[in-house]
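Below is one structure; the comments refer to it alone.
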Amino acid sequence: MARASDLIQGLKGLATLPDIYLRLCDVVNNPHSSAADVGRVIADDPGLTARLLKLVNSAMYGFPSRIESVSEAIGIVGTAQLQDLALATSVIRAFADMPGTLVSMESFWRHSVACAVSARLLAGRRGEPNVERHFVAGLLHDIGRPILYLQRPDESARALDRSRRSGEPLYREEHQVFGFDHTHVGGALLQAWRLPHTLFEAVLYHHTPHNARRHPIEAAVVHVADLLANALELGSSGEHGLAHFESAAWDRLHIPIAEIPELMAEAEDHYDVAVGILALDQAA
Amino acid sequence: MSARRAAAHAGRLVPIEAVVEGMTTAEPVKDRAGRLLMPSGTVLEASHLRALSRWGVSTVTVEANGGEPEPAASAPTPERLVEAELALKSVFRRMDMGHPLIHVIFRTCVLREASRGGGGRHG
């Protein structure tokens with residue numbers, strides 16, 4: 001039987017991350033580089049610069065005055081978080097050319113953005129310092145799905161069909177058909193991209209957060225954010241409705257339940273903002 | 001326009017707890033450090049209200065005339081709530097509805113669905 005990583009090797013153009021992100025990693029991880037060096041790399045890419053400035057000026061941040069330059073944005077958001085935002089916009093662009101086969105890519109990204117903004121808000125409620133890391137984890141959580149649909153369309157259609165008939169969550173039917181599911185494909189892609197282990201565990205274990213050993217909070221945040229995104233019915237990656245819920249993951253977050261209605265309203269606001277800025281249906 | 005100016009001068013000071021969506025600011029809103037948050041004439045939306053509490057604003061001067069909020073959308077009727085519950089049952093079909101988190105998410109979705117009227121659902 002094929003392995004999840006086999007599907008990654010056959011991907012054209014997606015086997016590596018966009019150059020801009022790799023250059024950004026180099027300067028961020030270089031102890032001798034300054035915020036100004038990071039700013040220069042970003043400023044080299046006008047599309048990225050425009051998106052980042054729109055994001056930090058949006059309702060997602062709620063800063064009182066306008067942020068006019070990348071260096072100001074770095075001062076406020078921080079280099080690590082800006083790096084994560086750059087990753088988010090780079091990945092969407094890398095996937096923009098992928099054909100929507102069984103599920104439209106627009107619908108897929110809408111679900112991904114709904115999960116991303118929910119994850120970011122949940123992390124914020126916990127007082128996590130790196131909310132953008134959670135945003136990226138949410139954005140990438142189902143990234144294995146379009147790869148499955150592209151690389152194995154017939155079996156994927158069978159899994160979708162089985163899930164519709166049986167009422168079982170789609171990821172379980174994927175497991176029946178492939179011997180693995182989209183979380184393993186997504187995990188393999190993130191490994192191929194050499195992304196941080198926090199993102200890897202959040203994506204690999206978003207349906208089974210109890211398995212996350214090193215980064216249980218990240219996996220739990222995406223697990224609950226995925227529930228909220230499916231409950232709000234904003235886009236879909238192929239699953240209809242809430243797939244599966246591990247209450248231990250929710251308990252781990254220590255967020256008062258009373259905050260959920262407001263968080264969901266905020267997620268819907270942020271979703272509209274992020275969809276507009278990440279321009280899901282137009283090439284950059 | 002002078003009539004509008006007169007209305008602005010007739011603004012009333014409202015504590016943040018009593019500020020609701022639809023009110024119009026009669027004076028610029030500033031944070032404690034004096035930074036401008038919103039100009040006068042801003043029609044306050046939910047996002048503004050959140051920003052006000054986030055930036056520690058305790059009072060806002062809103063227009064006394066013409067600045068009253070639109071009458072709030074009427075609360076969903078019991079029929080609409082029942083319809084919304086039925087429509088959302090399939091979305092939540094795999095969930096343990098007795099779990100407090102699932103219960104709250106479900107109620108939030110029902111209210112959202114019922115108050116936005118028919119035909120808005122997708123997915």
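Labels used: A, B, ... for chains in the order of the structure tokens, numbers from 1 for residues in each chain, and numbers from 1 for ligands as shown.
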**OP:** Please determine the contact residues of chain B with respect to chain A at a cut-off of 12 Å, counting only C-alpha atoms, and supply them as an MDAnalysis selection string.
**Re:** chainID B and resid 29:39 45:57 87:113 120:123
Original post:
Leaving out Arg80 of chain B and any residue of its chain fewer than 3 positions from it, which residues lie within 10 Å of it when counting only C-alpha atoms, given as a list of chain:residue names?
Top reply: B:Ala75, B:Pro76, B:Thr77, B:Glu83, B:Ala84, B:Glu85, B:Leu86, B:Val110, B:Leu111, B:Glu113, B:Ala114, B:Ser115, B:Arg116, B:Gly117, B:Gly118
Original post:
Leaving out segment 170-172 of chain A and any residue of its chain fewer than 6 positions from it, which residues lie within 7 Å of it when counting only C-alpha atoms, given as a list of chain:residue names?
Top reply: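 The residues that qualify are A:Ala159, A:Leu160, A:Ser163, A:Asp181, A:His182, A:Glu239.
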**OP:** Could you tell me how far atom CA of Asp272 of chain A lies from atom CA of Val136 of chain A, in Å and to one decimal?
**Re:**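 The value is 16.8 Å.
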Original post:
So how far away is atom CA of Pro196 of chain A from atom CA of Glu132 of chain A, in Å?
Top reply: 13.2 Å
